[in-house]
file upload_28.txt (compact mmCIF, C-alpha atoms (C1' of nucleotides))
# COMPACT_ATOMS: atom_id res chain seq x y z
CA MET A 1 2.07 -21.51 -7.29
CA ILE A 2 2.03 -20.22 -3.74
CA ASN A 3 -1.23 -19.77 -1.85
CA TYR A 4 -0.60 -17.01 0.64
CA GLN A 5 -3.27 -18.14 3.07
CA THR A 6 -1.72 -21.58 3.22
CA GLU A 7 1.68 -19.97 3.66
CA ILE A 8 0.46 -17.88 6.57
CA ARG A 9 -0.89 -20.98 8.27
CA HIS A 10 2.41 -22.79 7.73
CA ILE A 11 4.42 -19.92 9.18
CA ALA A 12 2.11 -19.67 12.16
CA ALA A 13 2.37 -23.40 12.78
CA ARG A 14 6.17 -23.35 12.59
CA MET A 15 6.36 -20.48 15.06
CA LYS A 16 4.14 -22.29 17.52
CA LYS A 17 6.05 -25.52 17.13
CA ILE A 18 9.39 -23.82 17.74
CA ARG A 19 8.03 -21.94 20.72
CA THR A 20 6.53 -24.98 22.41
CA GLY A 21 9.58 -27.02 21.49
CA LYS A 22 11.66 -24.59 23.51
CA GLY A 23 9.20 -24.70 26.39
CA LEU A 24 8.32 -21.02 26.12
CA SER A 25 4.93 -19.50 26.89
CA VAL A 26 3.15 -17.11 24.55
CA GLN A 27 3.60 -14.44 27.19
CA GLU A 28 7.32 -14.95 27.37
CA VAL A 29 7.86 -14.72 23.63
CA ALA A 30 5.52 -11.74 23.34
CA TYR A 31 7.46 -10.01 26.09
CA ARG A 32 10.81 -10.76 24.47
CA CYS A 33 9.85 -9.20 21.16
CA ASP A 34 7.64 -6.47 22.57
CA ILE A 35 4.54 -7.68 20.80
CA GLU A 36 1.11 -7.84 22.39
CA ARG A 37 0.31 -11.25 23.81
CA SER A 38 -3.12 -11.13 22.16
CA ASN A 39 -1.49 -10.30 18.88
CA LEU A 40 0.88 -13.23 19.14
CA SER A 41 -2.07 -15.49 19.88
CA ARG A 42 -3.79 -14.25 16.73
CA ILE A 43 -0.62 -14.77 14.74
CA GLU A 44 -0.07 -18.33 15.97
CA ALA A 45 -3.71 -19.05 15.15
CA GLY A 46 -2.90 -18.07 11.56
CA ARG A 47 -5.45 -15.27 11.60
CA THR A 48 -3.21 -12.41 10.50
CA ASN A 49 -1.25 -11.61 7.38
CA LEU A 50 1.92 -10.71 9.22
CA THR A 51 4.59 -8.29 8.11
CA ILE A 52 8.29 -8.97 7.69
CA LYS A 53 8.99 -6.81 10.69
CA THR A 54 6.78 -8.91 12.94
CA ILE A 55 8.24 -12.15 11.62
CA CYS A 56 11.78 -10.90 12.27
CA LEU A 57 10.92 -9.81 15.80
CA ILE A 58 9.44 -13.21 16.60
CA CYS A 59 12.39 -15.04 15.03
CA ASN A 60 14.70 -13.04 17.26
CA ALA A 61 12.62 -13.86 20.32
CA LEU A 62 12.71 -17.53 19.38
CA ASN A 63 16.37 -17.27 18.51
CA VAL A 64 16.04 -18.86 15.09
CA PRO A 65 16.88 -17.58 11.61
CA LEU A 66 14.19 -16.35 9.26
CA SER A 67 14.66 -19.43 7.09
CA GLU A 68 13.46 -21.59 9.97
CA VAL A 69 10.04 -19.97 9.86
CA VAL A 70 9.65 -18.97 6.21
CA LYS A 71 10.36 -21.84 3.85
CA MET B 1 20.07 -11.28 15.60
CA ILE B 2 17.95 -10.16 12.67
CA ASN B 3 17.52 -6.47 11.85
CA TYR B 4 14.15 -6.21 10.16
CA GLN B 5 15.00 -3.05 8.26
CA THR B 6 18.04 -4.70 6.77
CA GLU B 7 15.95 -7.75 5.97
CA ILE B 8 13.38 -5.62 4.16
CA ARG B 9 16.11 -4.06 2.05
CA HIS B 10 17.52 -7.50 1.23
CA ILE B 11 14.14 -8.84 0.19
CA ALA B 12 13.48 -5.77 -1.93
CA ALA B 13 16.87 -6.10 -3.61
CA ARG B 14 16.34 -9.79 -4.37
CA MET B 15 12.95 -9.10 -5.90
CA LYS B 16 14.38 -6.41 -8.13
CA LYS B 17 17.31 -8.57 -9.16
CA ILE B 18 15.06 -11.49 -10.08
CA ARG B 19 12.70 -9.22 -12.00
CA THR B 20 15.41 -7.51 -14.02
CA GLY B 21 17.16 -10.85 -14.49
CA LYS B 22 14.05 -12.12 -16.22
CA GLY B 23 13.78 -8.96 -18.29
CA LEU B 24 10.45 -7.97 -16.79
CA SER B 25 9.26 -4.41 -16.24
CA VAL B 26 7.80 -3.20 -12.96
CA GLN B 27 4.52 -2.69 -14.78
CA GLU B 28 4.44 -6.24 -16.05
CA VAL B 29 5.07 -7.78 -12.64
CA ALA B 30 2.61 -5.42 -10.98
CA TYR B 31 0.01 -6.41 -13.53
CA ARG B 32 0.65 -10.12 -13.06
CA CYS B 33 0.14 -10.02 -9.32
CA ASP B 34 -2.55 -7.33 -9.31
CA ILE B 35 -0.51 -4.92 -7.23
CA GLU B 36 -0.28 -1.21 -7.89
CA ARG B 37 2.76 -0.26 -9.94
CA SER B 38 3.53 2.56 -7.54
CA ASN B 39 3.31 0.15 -4.66
CA LEU B 40 5.74 -2.26 -6.30
CA SER B 41 8.12 0.64 -6.88
CA ARG B 42 7.95 1.50 -3.20
CA ILE B 43 8.52 -2.12 -2.29
CA GLU B 44 11.55 -2.53 -4.54
CA ALA B 45 12.94 0.68 -3.07
CA GLY B 46 12.77 -1.03 0.34
CA ARG B 47 10.44 1.60 1.70
CA THR B 48 7.66 -0.67 2.96
CA ASN B 49 7.41 -3.36 5.57
CA LEU B 50 5.66 -5.84 3.32
CA THR B 51 3.22 -8.53 4.37
CA ILE B 52 3.47 -12.24 3.65
CA LYS B 53 0.54 -11.94 1.28
CA THR B 54 2.31 -9.34 -0.84
CA ILE B 55 5.55 -11.31 -0.88
CA CYS B 56 3.71 -14.44 -2.02
CA LEU B 57 1.90 -12.56 -4.78
CA ILE B 58 5.16 -11.14 -6.09
CA CYS B 59 6.90 -14.53 -5.89
CA ASN B 60 4.11 -16.00 -7.99
CA ALA B 61 4.43 -13.21 -10.53
CA LEU B 62 8.17 -13.80 -10.69
CA ASN B 63 7.61 -17.54 -10.74
CA VAL B 64 10.05 -18.26 -7.91
CA PRO B 65 9.55 -19.96 -4.55
CA LEU B 66 9.35 -17.94 -1.34
CA SER B 67 12.76 -19.22 -0.32
CA GLU B 68 14.28 -17.39 -3.27
CA VAL B 69 13.24 -14.04 -1.87
CA VAL B 70 13.24 -14.62 1.88
CA LYS B 71 16.46 -16.14 3.09
C1' DA C 1 10.41 18.68 -31.52
C1' DC C 2 7.04 15.37 -30.42
C1' DT C 3 5.23 10.95 -28.69
C1' DG C 4 5.08 6.84 -26.05
C1' DT C 5 6.89 3.99 -22.41
C1' DG C 6 8.98 2.84 -18.00
C1' DC C 7 10.25 4.35 -13.62
C1' DG C 8 10.33 6.94 -9.22
C1' DT C 9 7.81 9.49 -6.15
C1' DA C 10 4.14 12.25 -3.78
C1' DT C 11 -0.46 12.54 -1.92
C1' DC C 12 -4.82 11.02 -0.23
C1' DA C 13 -8.27 7.32 0.83
C1' DT C 14 -9.06 2.78 2.42
C1' DA C 15 -8.09 -1.66 4.33
C1' DT C 16 -5.94 -4.05 7.79
C1' DA C 17 -2.00 -5.33 11.14
C1' DT C 18 -0.99 -4.24 15.57
C1' DG C 19 -1.58 -2.08 20.39
C1' DA C 20 -4.39 -1.95 24.30
C1' DT C 21 -7.69 -3.70 27.20
C1' DA C 22 -11.06 -6.87 28.99
C1' DC C 23 -13.43 -11.25 29.73
C1' DG C 24 -13.87 -16.33 30.24
C1' DG C 25 -12.05 -20.93 30.71
C1' DG C 26 -8.73 -24.66 31.82
C1' DA C 27 -4.95 -26.47 34.77
C1' DG C 28 -2.58 -26.72 38.93
C1' DG C 29 -1.52 -25.39 43.90
C1' DG C 30 -2.91 -23.63 48.27
C1' DC D 1 -13.27 -23.49 47.24
C1' DC D 2 -10.10 -19.80 46.19
C1' DC D 3 -6.14 -18.10 43.88
C1' DT D 4 -2.61 -17.76 40.10
C1' DC D 5 -0.95 -18.61 35.51
C1' DC D 6 -1.53 -19.32 30.73
C1' DC D 7 -4.21 -19.16 26.81
C1' DG D 8 -7.81 -17.86 23.39
C1' DT D 9 -10.70 -14.44 21.89
C1' DA D 10 -13.39 -10.07 21.29
C1' DT D 11 -13.52 -5.12 20.80
C1' DC D 12 -11.89 -0.60 19.86
C1' DA D 13 -8.14 2.76 18.73
C1' DT D 14 -4.05 3.65 16.21
C1' DA D 15 -0.40 2.98 12.95
C1' DT D 16 0.70 1.72 8.53
C1' DA D 17 0.51 -1.21 4.08
C1' DT D 18 -1.77 -0.84 0.01
C1' DG D 19 -4.92 1.21 -3.74
C1' DA D 20 -5.61 4.99 -6.62
C1' DT D 21 -4.20 8.86 -8.97
C1' DA D 22 -1.11 12.38 -10.61
C1' DC D 23 3.26 14.56 -11.83
C1' DG D 24 8.06 14.85 -13.53
C1' DC D 25 12.05 12.81 -15.69
C1' DA D 26 14.90 9.83 -18.74
C1' DC D 27 15.13 7.40 -22.92
C1' DA D 28 14.15 5.67 -27.51
C1' DG D 29 11.89 6.11 -31.83
C1' DT D 30 9.95 8.89 -35.45

call {"tool": "encode", "arguments": {"input": "upload_28.txt", "output": "structure tokens"}}
result
Amino acid sequence: MINYQTEIRHIAARMKKIRTGKGLSVQEVAYRCDIERSNLSRIEAGRTNLTIKTICLICNALNVPLSEVVK
Amino acid sequence: MINYQTEIRHIAARMKKIRTGKGLSVQEVAYRCDIERSNLSRIEAGRTNLTIKTICLICNALNVPLSEVVK
DNA sequence: ACTGTGCGTATCATATATGATACGGGAGGG
DNA sequence: CCCTCCCGTATCATATATGATACGCACAGT
């Protein structure tokens, strides 16, 4: 049984970990995927129920497959 | 490079395949996850950019892990 | 022919993700 | 002490996912 709130937090945490692991700033990633920096901050804080589109854009900016973020 | 529109269509197709594979009707799945039947129809037609919450609810109704739908 | 059921789709209202902007704080360099 | 980044967060506007409802069609059973 999946708890979607937990899942959102997990996805957010993975994104942040990948980003910092690659030494990228929030600004840089936001710029790469044409997402508002403030929005990306909210997302990484796990405070938004993101859409597939947004997840894909961020995955592209981080240069990782979807499966790396959604497990 | 991930194309989010393609990804949405893939996810929609997997959901439909799993549902029909289990012999469930759209109504039944919609009822199980408390989602509008019309909305689930739209989703399976690949016409909406679904949120993580919605995907999780549907996965629960289909009794499959997230990884079965998002690859 | 009639009825019930499942599905797709259209429309409108509502909730909410995202865009846009602004402010404050911490860290580091001059 | 100033700057300059980077980050978190708050607020408001806008775009859009979803809820709610309705209609038409195909199909099966009677």

call {"tool": "closest_atom_pairs", "arguments": {"input": "upload_28.txt", "of": "chain C", "to": "chain B", "cutoff": "12 Å", "atoms": "only C-alpha atoms (C1' of nucleotides)", "output": "JSON lines"}}
result
{"residue": "C:DT5", "atom": "C1'", "partner": "B:Gln27", "partner_atom": "CA", "distance": 10.4}
{"residue": "C:DG6", "atom": "C1'", "partner": "B:Ser25", "partner_atom": "CA", "distance": 7.5}
{"residue": "C:DC7", "atom": "C1'", "partner": "B:Val26", "partner_atom": "CA", "distance": 8.0}
{"residue": "C:DG8", "atom": "C1'", "partner": "B:Ser41", "partner_atom": "CA", "distance": 7.1}
{"residue": "C:DT9", "atom": "C1'", "partner": "B:Ser38", "partner_atom": "CA", "distance": 8.3}
{"residue": "C:DA10", "atom": "C1'", "partner": "B:Ser38", "partner_atom": "CA", "distance": 10.4}
{"residue": "C:DT16", "atom": "C1'", "partner": "B:Thr51", "partner_atom": "CA", "distance": 10.8}
{"residue": "C:DA17", "atom": "C1'", "partner": "B:Thr51", "partner_atom": "CA", "distance": 9.1}

call {"tool": "residues_near_point", "arguments": {"input": "upload_28.txt", "point": "(13.5, 8.9, -30.0)", "cutoff": "10 Å", "atoms": "only C-alpha atoms (C1' of nucleotides)", "output": "ChimeraX atom specification"}}
result
/C:2-4 /D:27-30

call {"tool": "closest_residue", "arguments": {"input": "upload_28.txt", "among": "A:Gly21, A:Leu40, A:Arg9, A:Arg14", "to": "DT9 of chain D", "atoms": "all atoms listed in the file"}}
result
A:Leu40

call {"tool": "closest_atom_pairs", "arguments": {"input": "upload_28.txt", "of": "chain D", "to": "chain B", "cutoff": "10 Å", "atoms": "all atoms listed in the file", "output": "JSON lines"}}
result
{"residue": "D:DT16", "atom": "C1'", "partner": "B:Asn49", "partner_atom": "CA", "distance": 8.9}
{"residue": "D:DA17", "atom": "C1'", "partner": "B:Leu50", "partner_atom": "CA", "distance": 7.0}
{"residue": "D:DT18", "atom": "C1'", "partner": "B:Asn39", "partner_atom": "CA", "distance": 7.0}
{"residue": "D:DG19", "atom": "C1'", "partner": "B:Glu36", "partner_atom": "CA", "distance": 6.7}
{"residue": "D:DA20", "atom": "C1'", "partner": "B:Glu36", "partner_atom": "CA", "distance": 8.3}

call {"tool": "interface_residues", "arguments": {"input": "upload_28.txt", "of": "chain A", "to": "chain B", "cutoff": "10 Å", "atoms": "only C-alpha atoms", "output": "ChimeraX atom specification"}}
result
/A:1-5,7-8,11,48-61,63-68,70-71

call {"tool": "calpha_fit_and_write", "arguments": {"input": "upload_28.txt", "fixed": "chain A", "moving": "chain B", "output": "PDB file with C-alpha atoms, in the frame of the given file"}}
result
ATOM      1  CA  MET B   1       2.085 -21.501  -7.277  1.00  0.00           C
ATOM      2  CA  ILE B   2       2.037 -20.206  -3.720  1.00  0.00           C
ATOM      3  CA  ASN B   3      -1.236 -19.778  -1.827  1.00  0.00           C
ATOM      4  CA  TYR B   4      -0.597 -16.998   0.652  1.00  0.00           C
ATOM      5  CA  GLN B   5      -3.268 -18.131   3.082  1.00  0.00           C
ATOM      6  CA  THR B   6      -1.734 -21.567   3.249  1.00  0.00           C
ATOM      7  CA  GLU B   7       1.677 -19.986   3.664  1.00  0.00           C
ATOM      8  CA  ILE B   8       0.443 -17.883   6.575  1.00  0.00           C
ATOM      9  CA  ARG B   9      -0.901 -20.982   8.286  1.00  0.00           C
ATOM     10  CA  HIS B  10       2.406 -22.787   7.741  1.00  0.00           C
ATOM     11  CA  ILE B  11       4.416 -19.923   9.175  1.00  0.00           C
ATOM     12  CA  ALA B  12       2.095 -19.675  12.159  1.00  0.00           C
ATOM     13  CA  ALA B  13       2.363 -23.412  12.782  1.00  0.00           C
ATOM     14  CA  ARG B  14       6.163 -23.357  12.594  1.00  0.00           C
ATOM     15  CA  MET B  15       6.352 -20.486  15.049  1.00  0.00           C
ATOM     16  CA  LYS B  16       4.134 -22.297  17.510  1.00  0.00           C
ATOM     17  CA  LYS B  17       6.057 -25.533  17.136  1.00  0.00           C
ATOM     18  CA  ILE B  18       9.396 -23.824  17.738  1.00  0.00           C
ATOM     19  CA  ARG B  19       8.026 -21.943  20.738  1.00  0.00           C
ATOM     20  CA  THR B  20       6.518 -24.988  22.412  1.00  0.00           C
ATOM     21  CA  GLY B  21       9.595 -27.016  21.485  1.00  0.00           C
ATOM     22  CA  LYS B  22      11.673 -24.597  23.511  1.00  0.00           C
ATOM     23  CA  GLY B  23       9.200 -24.703  26.377  1.00  0.00           C
ATOM     24  CA  LEU B  24       8.336 -21.031  26.089  1.00  0.00           C
ATOM     25  CA  SER B  25       4.951 -19.503  26.864  1.00  0.00           C
ATOM     26  CA  VAL B  26       3.173 -17.115  24.521  1.00  0.00           C
ATOM     27  CA  GLN B  27       3.592 -14.441  27.167  1.00  0.00           C
ATOM     28  CA  GLU B  28       7.322 -14.950  27.379  1.00  0.00           C
ATOM     29  CA  VAL B  29       7.859 -14.711  23.631  1.00  0.00           C
ATOM     30  CA  ALA B  30       5.522 -11.738  23.359  1.00  0.00           C
ATOM     31  CA  TYR B  31       7.467 -10.017  26.097  1.00  0.00           C
ATOM     32  CA  ARG B  32      10.817 -10.745  24.471  1.00  0.00           C
ATOM     33  CA  CYS B  33       9.857  -9.214  21.156  1.00  0.00           C
ATOM     34  CA  ASP B  34       7.648  -6.455  22.563  1.00  0.00           C
ATOM     35  CA  ILE B  35       4.536  -7.676  20.795  1.00  0.00           C
ATOM     36  CA  GLU B  36       1.114  -7.834  22.381  1.00  0.00           C
ATOM     37  CA  ARG B  37       0.296 -11.254  23.790  1.00  0.00           C
ATOM     38  CA  SER B  38      -3.112 -11.142  22.155  1.00  0.00           C
ATOM     39  CA  ASN B  39      -1.492 -10.292  18.868  1.00  0.00           C
ATOM     40  CA  LEU B  40       0.892 -13.234  19.115  1.00  0.00           C
ATOM     41  CA  SER B  41      -2.071 -15.485  19.867  1.00  0.00           C
ATOM     42  CA  ARG B  42      -3.791 -14.247  16.733  1.00  0.00           C
ATOM     43  CA  ILE B  43      -0.628 -14.780  14.742  1.00  0.00           C
ATOM     44  CA  GLU B  44      -0.091 -18.334  15.961  1.00  0.00           C
ATOM     45  CA  ALA B  45      -3.727 -19.048  15.143  1.00  0.00           C
ATOM     46  CA  GLY B  46      -2.917 -18.054  11.546  1.00  0.00           C
ATOM     47  CA  ARG B  47      -5.456 -15.270  11.595  1.00  0.00           C
ATOM     48  CA  THR B  48      -3.211 -12.406  10.487  1.00  0.00           C
ATOM     49  CA  ASN B  49      -1.251 -11.621   7.381  1.00  0.00           C
ATOM     50  CA  LEU B  50       1.930 -10.729   9.215  1.00  0.00           C
ATOM     51  CA  THR B  51       4.582  -8.277   8.101  1.00  0.00           C
ATOM     52  CA  ILE B  52       8.283  -8.960   7.676  1.00  0.00           C
ATOM     53  CA  LYS B  53       8.993  -6.788  10.688  1.00  0.00           C
ATOM     54  CA  THR B  54       6.786  -8.901  12.936  1.00  0.00           C
ATOM     55  CA  ILE B  55       8.237 -12.147  11.620  1.00  0.00           C
ATOM     56  CA  CYS B  56      11.776 -10.905  12.266  1.00  0.00           C
ATOM     57  CA  LEU B  57      10.913  -9.811  15.799  1.00  0.00           C
ATOM     58  CA  ILE B  58       9.430 -13.205  16.598  1.00  0.00           C
ATOM     59  CA  CYS B  59      12.389 -15.041  15.037  1.00  0.00           C
ATOM     60  CA  ASN B  60      14.707 -13.045  17.272  1.00  0.00           C
ATOM     61  CA  ALA B  61      12.624 -13.871  20.324  1.00  0.00           C
ATOM     62  CA  LEU B  62      12.713 -17.540  19.378  1.00  0.00           C
ATOM     63  CA  ASN B  63      16.387 -17.263  18.524  1.00  0.00           C
ATOM     64  CA  VAL B  64      16.033 -18.866  15.091  1.00  0.00           C
ATOM     65  CA  PRO B  65      16.892 -17.568  11.626  1.00  0.00           C
ATOM     66  CA  LEU B  66      14.181 -16.354   9.259  1.00  0.00           C
ATOM     67  CA  SER B  67      14.682 -19.425   7.108  1.00  0.00           C
ATOM     68  CA  GLU B  68      13.456 -21.579   9.975  1.00  0.00           C
ATOM     69  CA  VAL B  69      10.039 -19.973   9.865  1.00  0.00           C
ATOM     70  CA  VAL B  70       9.658 -18.973   6.225  1.00  0.00           C
ATOM     71  CA  LYS B  71      10.368 -21.825   3.879  1.00  0.00           C
TER      72      LYS B  71
END

call {"tool": "atom_distance", "arguments": {"input": "upload_28.txt", "atom1": "atom C1' of DA13 of chain D", "atom2": "atom C1' of DA13 of chain C"}}
result
18.5 Å

call {"tool": "atom_distance", "arguments": {"input": "upload_28.txt", "atom1": "atom CA of Gly46 of chain A", "atom2": "atom CA of Thr6 of chain B"}}
result
25.3 Å

call {"tool": "atom_distance", "arguments": {"input": "upload_28.txt", "atom1": "atom CA of Arg19 of chain B", "atom2": "atom CA of Arg47 of chain B"}}
result
17.6 Å
